[in-house]
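Trainee: Below you'll find work-v6.cif; it's mmCIF, C-alpha atoms.
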data_input
loop_
_atom_site.label_atom_id
_atom_site.label_comp_id
_atom_site.auth_asym_id
_atom_site.auth_seq_id
_atom_site.Cartn_x
_atom_site.Cartn_y
_atom_site.Cartn_z
CA VAL A 9 115.41 133.65 110.17
CA GLN A 10 116.61 130.28 108.84
CA LEU A 11 116.85 131.56 105.28
CA LEU A 12 118.69 134.69 106.35
CA ALA A 13 121.11 132.78 108.59
CA ALA A 14 121.97 130.34 105.79
CA ILE A 15 122.57 133.16 103.31
CA PHE A 16 124.81 135.07 105.74
CA LEU A 17 126.71 131.90 106.61
CA ILE A 18 127.37 130.97 102.97
CA TYR A 19 128.28 134.46 101.77
CA GLY A 20 130.11 135.28 105.00
CA GLY A 21 132.16 132.09 104.66
CA ASN A 22 132.99 133.07 101.12
CA PHE A 23 133.86 136.67 102.09
CA PHE A 24 136.34 135.43 104.71
CA GLY A 25 137.82 132.86 102.33
CA ILE A 26 136.56 129.87 104.32
CA MET A 27 134.44 128.43 101.53
CA ASP A 28 133.79 128.70 97.82
CA ILE A 29 130.33 129.41 96.46
CA ASP A 30 128.68 128.85 93.12
CA GLU A 31 127.94 131.68 90.74
CA MET A 32 124.26 132.39 90.21
CA LYS A 33 123.33 130.93 86.81
CA TRP A 34 120.01 131.26 84.99
CA GLU A 35 120.03 127.55 84.07
CA PHE A 36 119.90 126.72 87.80
CA LEU A 37 117.57 129.58 88.79
CA LYS A 38 114.53 128.20 86.97
CA PRO A 39 114.48 124.72 88.57
CA TYR A 40 115.29 126.16 91.98
CA MET A 41 112.51 128.76 91.65
CA ILE A 42 110.04 125.92 91.16
CA TYR A 43 111.56 124.07 94.10
CA THR A 44 111.43 127.08 96.44
CA VAL A 45 107.80 127.74 95.57
CA ALA A 46 107.07 124.07 96.34
CA PHE A 47 109.05 124.29 99.58
CA SER A 48 107.22 127.46 100.64
CA THR A 49 103.88 125.92 99.68
CA GLY A 50 104.80 122.94 101.84
CA VAL A 51 105.48 125.23 104.81
CA TYR A 52 102.19 127.07 104.17
CA THR A 53 100.12 123.88 103.89
CA ASN A 54 101.82 122.55 107.03
CA MET A 55 100.80 125.70 108.91
CA MET A 56 97.26 125.44 107.55
CA CYS A 57 97.16 121.81 108.72
CA LEU A 58 98.21 122.87 112.19
CA SER A 59 95.61 125.65 112.29
CA THR A 60 92.75 123.41 111.12
CA SER A 61 93.79 120.04 112.58
CA ASN A 62 96.03 118.80 115.33
CA VAL A 63 99.70 117.86 115.39
CA GLU A 64 98.90 114.15 115.25
CA THR A 65 97.06 114.58 111.94
CA VAL A 66 100.05 116.42 110.46
CA ILE A 67 102.41 113.68 111.66
CA VAL A 68 100.25 110.93 110.15
CA SER A 69 99.98 112.86 106.88
CA ARG A 70 103.74 113.31 106.74
CA ALA A 71 104.29 109.64 107.61
CA LEU A 72 102.49 108.66 104.40
CA SER A 73 104.96 110.59 102.23
CA PRO A 74 107.52 107.72 101.88
CA LEU A 75 104.78 105.55 100.38
CA VAL A 76 103.97 108.11 97.70
CA VAL A 77 107.65 108.94 97.07
CA SER A 78 108.52 105.24 96.70
CA PHE A 79 106.18 105.03 93.71
CA LEU A 80 107.09 108.42 92.21
CA ASP A 81 110.86 107.84 92.34
CA PRO A 82 110.75 105.06 89.71
CA ILE A 83 108.59 107.18 87.42
CA PHE A 84 110.61 110.41 87.59
CA LEU A 85 114.08 109.31 88.68
CA GLY A 86 114.37 105.85 87.17
CA ARG A 87 114.78 104.17 90.54
CA GLU A 88 113.56 100.68 91.38
CA LEU A 89 110.15 100.01 92.85
CA PRO A 90 110.20 99.16 96.54
CA SER A 91 110.89 95.55 97.49
CA LYS A 92 108.18 93.32 98.95
CA ARG A 93 109.65 93.88 102.39
CA SER A 94 109.54 97.67 101.91
CA ILE A 95 105.97 97.48 100.61
CA ALA A 96 104.99 95.51 103.72
CA ALA A 97 106.56 98.19 105.93
CA LEU A 98 104.84 100.98 103.97
CA ALA A 99 101.53 99.09 104.18
CA THR A 100 101.91 99.03 107.96
CA ILE A 101 102.13 102.82 107.93
CA VAL A 102 98.97 102.99 105.80
CA ILE A 103 97.13 100.67 108.20
CA GLY A 104 98.21 102.92 111.07
CA ALA A 105 96.98 106.01 109.20
CA ILE A 106 93.61 104.36 108.54
CA GLY A 107 93.41 103.40 112.21
CA TYR A 108 94.16 106.97 113.20
CA ALA A 109 91.56 108.42 110.80
CA SER A 110 88.90 106.02 112.10
CA SER A 111 89.36 107.42 115.61
CA ASP A 112 89.93 111.08 114.72
CA GLU A 113 86.99 113.20 115.92
CA LYS A 114 87.33 115.78 113.16
CA PHE A 115 87.23 113.04 110.54
CA LEU A 116 84.21 111.42 112.20
CA TYR A 117 82.30 114.75 112.23
CA GLN A 118 83.46 116.34 108.98
CA GLY A 119 84.35 113.32 106.88
CA ILE A 120 87.01 113.59 104.20
CA SER A 121 86.81 117.42 104.17
CA ALA A 122 88.60 117.42 107.55
CA TYR A 123 91.68 116.19 105.72
CA PHE A 124 91.75 118.76 102.91
CA TRP A 125 94.88 120.55 104.21
CA PRO A 126 96.67 117.39 105.34
CA PHE A 127 96.04 115.80 101.92
CA LEU A 128 97.26 118.93 100.12
CA TYR A 129 100.31 118.96 102.41
CA LEU A 130 101.05 115.34 101.49
CA ILE A 131 100.84 116.12 97.76
CA VAL A 132 103.09 119.18 98.05
CA ILE A 133 105.80 117.58 100.18
CA THR A 134 105.99 114.47 98.02
CA PHE A 135 106.36 116.65 94.91
CA GLU A 136 109.00 118.69 96.75
CA MET A 137 110.94 115.57 97.77
CA VAL A 138 110.97 113.96 94.32
CA TYR A 139 111.57 117.21 92.43
CA GLY A 140 114.31 118.18 94.90
CA LYS A 141 116.16 114.91 94.23
CA LYS A 142 115.75 115.45 90.50
CA ILE A 143 117.24 118.95 90.46
CA VAL A 144 120.10 118.02 92.78
CA LYS A 145 121.04 115.37 90.21
CA SER A 146 120.55 117.61 87.17
CA CYS A 147 122.15 120.86 88.41
CA GLU A 148 125.88 120.36 88.53
CA PHE A 149 127.22 122.65 91.23
CA LYS A 150 130.91 122.94 91.95
CA THR A 151 130.26 123.18 95.71
CA LEU A 152 128.07 121.37 98.22
CA SER A 153 126.62 124.69 99.31
CA GLY A 154 125.12 125.40 95.86
CA PRO A 155 121.69 123.85 96.51
CA VAL A 156 121.50 125.55 99.93
CA GLN A 157 122.55 128.87 98.41
CA TYR A 158 119.91 128.78 95.66
CA THR A 159 117.14 127.47 97.91
CA ASN A 160 117.65 130.09 100.60
CA ILE A 161 118.15 133.07 98.28
CA LEU A 162 115.13 132.20 96.13
CA GLY A 163 113.01 131.18 99.12
CA TRP A 164 112.43 134.71 100.39
CA PRO A 165 109.74 135.94 97.96
CA PRO A 166 107.38 132.95 98.22
CA MET A 167 107.85 132.77 102.02
CA LEU A 168 106.92 136.46 102.35
CA ILE A 169 103.87 135.97 100.12
CA PHE A 170 102.65 132.97 102.14
CA ALA A 171 103.36 134.79 105.42
CA SER A 172 101.20 137.65 104.19
CA MET A 173 98.45 135.28 103.00
CA GLY A 174 98.50 133.54 106.38
CA GLY A 175 98.16 136.81 108.31
CA GLU A 176 101.59 136.47 109.96
CA PHE A 177 102.43 140.17 109.63
CA ASP A 178 99.13 141.15 111.29
CA ARG A 179 99.80 138.71 114.16
CA LEU A 180 103.33 140.10 114.52
CA GLU A 181 101.97 143.64 114.75
CA VAL A 182 99.47 142.60 117.44
CA THR A 183 102.21 140.82 119.41
CA LEU A 184 104.50 143.85 119.19
CA GLN A 185 101.67 146.11 120.44
CA GLN A 186 100.92 143.74 123.34
CA TYR A 187 104.52 144.03 124.54
CA GLY A 188 104.81 147.74 123.75
CA ALA A 189 107.60 146.98 121.30
CA THR A 190 108.43 149.08 118.26
CA SER A 191 110.41 146.38 116.42
CA VAL A 192 111.22 142.68 116.55
CA ILE A 193 114.57 143.50 118.19
CA ASP A 194 112.79 145.63 120.81
CA TYR A 195 110.34 142.76 121.37
CA LEU A 196 113.18 140.28 121.97
CA PHE A 197 114.62 142.55 124.67
CA LYS A 198 111.20 142.84 126.36
CA LEU A 199 110.61 139.09 126.63
CA PRO A 200 110.83 137.61 130.13
CA ALA A 201 114.35 136.35 130.94
CA HIS A 202 113.32 132.89 132.19
#
In structure tokens, how does this file's structure come out?

Mentor:
Amino acid sequence: VQLLAAIFLIYGGNFFGIMDIDEMKWEFLKPYMIYTVAFSTGVYTNMMCLSTSNVETVIVSRALSPLVVSFLDPIFLGRELPSKRSIAALATIVIGAIGYASSDEKFLYQGISAYFWPFLYLIVITFEMVYGKKIVKSCEFKTLSGPVQYTNILGWPPMLIFASMGGEFDRLEVTLQQYGATSVIDYLFKLPAH
């Protein structure tokens, strides 16, 4: 829904003369295709984390991303390494993550394998963050909506593939049958009003 709403907003705004949009250009399609696959993979790994772990594990995994990004930014974007003060703050997050892992039941029973999806999620989102900054700098759009336009238009295919891989369409069908609905719109009208 988010992707569709953004696309309609951008193109609707352009249709009514409220905003300009960028032309679709091949030179921008390639980097944004990579980005949208990374973004969709991030959503998929997040969902897999939530289905195999708990919300707290996902939060701790995500909280470690600034540490990784702070060391990747200098390598790929030419930015400075974090200051000593920033390193101390990032180290505090790491200490908290270690403390969390040492009390997490899944980690205690399964060991490091309990964190397969959270670790993969961390890798994917840090790549997405650094690569996203890189392409925003390198792709010169004439509007601010350009990155949003490309991301949302190109995001549909990988999101549909990951939804299929994750069994989302099967779950949707079961939910529709439970409510006696023939479509998503019909389902929305059959939901309780409170």

Trainee: Just give me the gap between atom CA of A:Ala71 and atom CA of A:Phe127 in Å, one decimal is fine.

Mentor: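 Between these atoms lies a distance of 11.8 Å.
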
Trainee: How would you write as a list in words the residues that get within 10 Å of (105.8, 132.4, 100.8) in the file's frame, counting all atoms listed in the file?

Mentor: Thr44, Val45, Ala46, Phe47, Ser48, Thr49, Gly50, Val51, Tyr52, Gly163, Trp164, Pro165, Pro166, Met167, Leu168, Ile169, Phe170, Ala171, Ser172, Met173 and Gly174 of chain A

Trainee: Pick from A:Cys57, A:Leu180, A:Leu72, A:Met137: nearest to A:Tyr123, with all atoms listed in the file counted?

Mentor: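 When distances to A:Tyr123 are compared using all atoms listed in the file, the smallest one comes from A:Cys57.
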
Trainee: Using only C-alpha atoms, which of the listed residues (A:Thr65, A:Gln118, A:Thr159, A:Ser191) sits closest to A:Ala14?

Mentor: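 Looking only at the distances to A:Ala14, the closest residue turns out to be A:Thr159.
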
Trainee: With distances taken over all atoms listed in the file, which residue among A:Ala189, A:Cys147, A:Val156, A:Leu130 lies nearest A:Tyr19?

Mentor: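 Result for the nearest residue to A:Tyr19: A:Val156.
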
Trainee: Here's the selection I'm unsure about, the PyMOL selection byres ((chain A and resi 15) around 10); applied to the file above, which residues does it give, as a ChimeraX atom specification?

Mentor: /A:9-14,16-21,156-161

Trainee: Given the file shown, enumerate the residues that the PyMOL selection byres ((chain A and resi 67) around 12) captures and present them as a PyMOL selection string.

Mentor: chain A and resi 54+57-58+61-66+68-73+101+104-105+108+126-127+129-130

Trainee: Return as a PyMOL selection string the set of residues that the PyMOL selection byres ((chain A and resi 89) around 9) yields on the displayed structure.

Mentor: chain A and resi 78-82+87-88+90-91

Trainee: Calculated over all atoms listed in the file, which of the candidates A:Leu128, A:Ile42, A:Ala99, A:Ala109 has the smallest distance to A:Met55?

Mentor: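 Using all atoms listed in the file, the shortest distance to A:Met55 belongs to A:Leu128.
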
Trainee: Would you work out the distance separating atom CA of A:Val77 from atom CA of A:Val138, expressed in Å to one decimal?

Mentor: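 These two atoms are separated by 6.6 Å.
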
Trainee: Please list as a PyMOL selection string every residue within 9 Å of A:Gly140, counting all atoms listed in the file and excluding residues in the same chain fewer than 5 positions away.

Mentor: chain A and resi 40+43+135+145

Trainee: So what do you get for atom CA of A:Leu85 versus atom CA of A:Pro39, distance-wise?

Mentor: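 These two atoms are separated by 15.4 Å.
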